[in-house]
Structures are given as structure tokens and as C-alpha cells.
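Everything below belongs to entry.cif, which stores mmCIF, C-alpha atoms.
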```
data_run
#
loop_
_atom_site.label_atom_id
_atom_site.label_comp_id
_atom_site.auth_asym_id
_atom_site.auth_seq_id
_atom_site.Cartn_x
_atom_site.Cartn_y
_atom_site.Cartn_z
CA MET A 1 21.88 -3.55 -8.78
CA LYS A 2 19.23 -5.99 -9.98
CA ARG A 3 19.85 -8.17 -6.93
CA ILE A 4 19.09 -5.29 -4.59
CA TRP A 5 15.78 -4.61 -6.34
CA ALA A 6 14.95 -8.31 -6.32
CA ALA A 7 15.70 -8.51 -2.58
CA ALA A 8 13.62 -5.40 -1.94
CA GLY A 9 10.74 -6.90 -3.94
CA ILE A 10 10.91 -10.16 -2.01
CA ALA A 11 11.01 -8.31 1.31
CA LEU A 12 8.01 -6.21 0.29
CA GLY A 13 6.16 -9.37 -0.76
CA ILE A 14 6.83 -10.95 2.63
CA VAL A 15 5.57 -7.87 4.47
CA VAL A 16 2.39 -7.77 2.37
CA LEU A 17 1.80 -11.49 2.90
CA CYS A 18 2.23 -11.10 6.67
CA ALA A 19 -0.20 -8.17 6.69
CA LEU A 20 -2.80 -10.21 4.78
CA MET A 21 -2.44 -13.15 7.16
CA LEU A 22 -2.78 -10.89 10.18
CA SER A 23 -5.86 -9.27 8.68
CA GLN A 24 -7.43 -12.66 8.01
CA THR A 25 -6.65 -13.85 11.54
CA ARG A 26 -8.08 -10.69 13.04
CA THR A 27 -11.29 -11.09 11.03
CA VAL A 28 -11.67 -14.71 12.12
CA THR A 29 -10.97 -13.97 15.78
CA ASP A 30 -13.47 -11.09 15.72
CA ARG A 31 -16.18 -13.45 14.45
CA LEU A 32 -15.19 -16.05 17.04
CA TYR A 33 -15.36 -13.44 19.81
CA GLU A 34 -18.86 -12.42 18.68
CA GLN A 35 -20.07 -16.02 18.79
CA LEU A 36 -18.33 -16.65 22.12
CA ASP A 37 -19.89 -13.54 23.65
CA LEU A 38 -23.35 -14.67 22.57
CA LEU A 39 -22.76 -18.18 23.86
CA CYS A 40 -21.18 -17.24 27.17
CA ALA A 41 -23.97 -14.72 27.91
CA VAL A 42 -26.69 -17.36 27.94
CA GLU A 43 -28.43 -18.11 31.19
CA GLU A 44 -28.52 -21.52 32.80
CA GLY A 45 -31.07 -23.74 31.09
CA ASP A 46 -31.40 -21.58 27.98
CA PRO A 47 -32.41 -23.86 25.07
CA SER A 48 -30.57 -21.72 22.51
CA ALA A 49 -27.20 -22.45 24.13
CA GLU A 50 -26.62 -25.74 22.34
CA ARG A 51 -27.55 -24.19 18.99
CA LEU A 52 -25.07 -21.37 19.60
CA ALA A 53 -22.40 -23.90 20.53
CA GLU A 54 -23.05 -25.78 17.30
CA GLU A 55 -22.79 -22.54 15.30
CA LEU A 56 -19.51 -21.71 17.02
CA CYS A 57 -18.05 -25.13 16.25
CA ALA A 58 -19.25 -24.94 12.63
CA LEU A 59 -17.64 -21.52 12.22
CA TRP A 60 -14.41 -22.82 13.71
CA GLU A 61 -14.32 -25.89 11.44
CA LYS A 62 -14.73 -23.65 8.41
CA GLU A 63 -12.06 -21.15 9.41
CA GLU A 64 -9.55 -23.60 10.89
CA LYS A 65 -8.52 -24.82 7.43
CA ARG A 66 -7.50 -21.34 6.33
CA LEU A 67 -5.68 -20.56 9.56
CA SER A 68 -3.70 -23.79 9.32
CA LEU A 69 -1.70 -22.23 6.50
CA HIS A 70 0.10 -19.85 8.83
CA ILE A 71 -0.59 -20.80 12.46
CA ARG A 72 0.91 -23.79 14.25
CA HIS A 73 -1.38 -26.78 14.42
CA SER A 74 -0.86 -27.13 18.16
CA GLU A 75 -2.44 -23.68 18.63
CA LEU A 76 -5.37 -24.62 16.43
CA GLU A 77 -5.85 -27.88 18.33
CA GLU A 78 -5.98 -25.93 21.58
CA VAL A 79 -8.89 -23.84 20.24
CA THR A 80 -10.63 -26.98 19.01
CA ARG A 81 -10.18 -28.57 22.44
CA SER A 82 -11.60 -25.55 24.24
CA PHE A 83 -14.65 -25.36 21.94
CA THR A 84 -15.27 -29.08 22.36
CA GLN A 85 -15.06 -28.66 26.12
CA LEU A 86 -17.65 -25.86 25.91
CA LYS A 87 -20.00 -28.01 23.92
CA SER A 88 -19.66 -31.05 26.16
CA ALA A 89 -20.17 -28.99 29.34
CA LEU A 90 -23.43 -27.70 27.88
CA SER A 91 -24.62 -31.13 26.83
CA VAL A 92 -24.25 -32.55 30.36
CA GLY A 93 -25.59 -29.43 32.05
CA GLU A 94 -22.46 -28.53 34.02
CA TYR A 95 -22.77 -24.75 34.02
CA ASP A 96 -19.82 -24.12 36.34
CA LEU A 97 -17.61 -26.09 33.96
CA PHE A 98 -19.24 -24.21 31.08
CA ARG A 99 -18.26 -20.83 32.58
CA MET A 100 -14.66 -22.01 33.03
CA ALA A 101 -14.65 -23.34 29.47
CA CYS A 102 -15.83 -19.93 28.24
CA ASP A 103 -12.83 -18.27 29.85
CA ASP A 104 -10.50 -20.94 28.47
CA ALA A 105 -11.94 -20.50 24.97
CA ARG A 106 -11.40 -16.74 25.10
CA VAL A 107 -7.77 -17.24 26.15
CA SER A 108 -7.13 -19.69 23.33
CA VAL A 109 -8.65 -17.31 20.75
CA ASP A 110 -6.54 -14.47 22.20
CA HIS A 111 -3.49 -16.64 21.71
CA LEU A 112 -4.34 -17.16 18.03
CA LEU A 113 -4.12 -13.44 17.44
CA GLU A 114 -0.83 -13.24 19.33
CA GLU A 115 0.60 -16.01 17.16
CA ALA A 116 -0.27 -14.14 13.98
CA ARG A 117 1.27 -10.81 14.98
CA LEU A 118 4.67 -9.94 13.62
CA SER A 119 6.89 -9.74 16.68
CA TRP A 120 10.41 -10.75 17.67
CA LYS A 121 9.03 -13.67 19.65
CA ASN A 122 7.26 -15.04 16.57
CA VAL A 123 10.17 -14.41 14.22
CA ILE A 124 12.80 -16.04 16.40
#
```

Could I get this structure in the form of C-alpha cells?
Amino acid sequence: MKRIWAAAGIALGIVVLCALMLSQTRTVTDRLYEQLDLLCAVEEGDPSAERLAEELCALWEKEEKRLSLHIRHSELEEVTRSFTQLKSALSVGEYDLFRMACDDARVSVDHLLEEARLSWKNVI
């Protein structure tokens, strides 16, 4: 009987841990979406764009370490790549490339949230 209770306790612990990780990922992605929305809404030639890009990259560097505990590194590298592409497009003044990089960054952040959700695809 003790084994059943131990197994139930372990299962409950796993469910709680998954819920905490999903909550953390959702909080991080919400903050990233806010920064991305601000950055992608800037007009061509806006001087605040590079500052916003720096803030986005700084936020990502801070949060990436925590997310690396439960999300595959290849997914995290994809977000890093898309944010770097955003920043470099701004620095050279390629606003068409910047708009495409905004869309790419949103997709990669969306994928982070999908990776954290408890689903059959993620379990298997």
C-alpha cells in the first residue's frame, strides 16, 4: 500500500512541476510578446528602435537561462537567432528584412510555448 501512495505522490509532484514550468514559460513569452509588439510597431527611421531591440535581447539573455532547464536548446537557439536577425536588420537599415524578422521572431516565441505545454506530442 505504501508503494501506491509513493507512486501517487511522485505523479502529483511531476504534475505540479510541469504546471510551474508552463506558468514560467507563459510569463516569459508574455513579456517577450510585449517587447516584440513595441519593437515591431516602430516606424522606419525611429531612433528608439535600436534601444528596444537591445532591451529585447537583454530580456531574452536573462530568461534563456531559466528556460534552458526544461526546453530543448535547439528551440532556444532558434529564438536567439531570430532576435539577432531582428537586431542586425535594424542596424543596417533593412526595414523589409526587419518586418520579416519580426514575423519570424513571433513564430519562434509561439513555438516556445508549444514546447512547454503538456501534450502527447511532447510526452512521446

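Between Leu86 in chain A and the candidates A:Cys57, A:Glu43, A:Arg66, A:Leu113, the tightest atom-to-atom separation, counting all atoms listed in the file, involves A:Cys57.
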
Using all atoms listed in the file, what does the table of range 5-67 of chain A residues within 9 Å of range 87-101 of chain A look like, with each row giving the shortest atom pair and its distance in Å to one decimal, sorted by chain and ascending number, as JSON lines?
```
{"residue": "A:Cys40", "atom": "CA", "partner": "A:Arg99", "partner_atom": "CA", "distance": 7.1}
{"residue": "A:Glu44", "atom": "CA", "partner": "A:Tyr95", "partner_atom": "CA", "distance": 6.7}
{"residue": "A:Gly45", "atom": "CA", "partner": "A:Gly93", "partner_atom": "CA", "distance": 8.0}
{"residue": "A:Ala49", "atom": "CA", "partner": "A:Leu90", "partner_atom": "CA", "distance": 7.5}
{"residue": "A:Glu50", "atom": "CA", "partner": "A:Leu90", "partner_atom": "CA", "distance": 6.7}
{"residue": "A:Ala53", "atom": "CA", "partner": "A:Lys87", "partner_atom": "CA", "distance": 5.8}
{"residue": "A:Glu54", "atom": "CA", "partner": "A:Lys87", "partner_atom": "CA", "distance": 7.6}
{"residue": "A:Cys57", "atom": "CA", "partner": "A:Lys87", "partner_atom": "CA", "distance": 8.4}
```

Hits from the PyMOL selection byres ((chain A and resi 106) around 9), listed as a list in words: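 So the PyMOL selection byres ((chain A and resi 106) around 9), applied here, picks out Leu32, Tyr33, Leu36, Val79, Ser82, Ala101, Cys102, Asp103, Asp104, Ala105, Val107, Ser108, Val109, Asp110 and His111 of chain A.
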
Separation of CA of Ala8 in chain A from CA of Leu22 in chain A in Å: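 Distance between the two atoms: 21.1 Å.
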
All residues 8 Å or closer to Gln35 in chain A, all atoms listed in the file, same chain fewer than 5 positions away omitted, as a list in words: Leu52, Glu55 and Leu56 of chain A
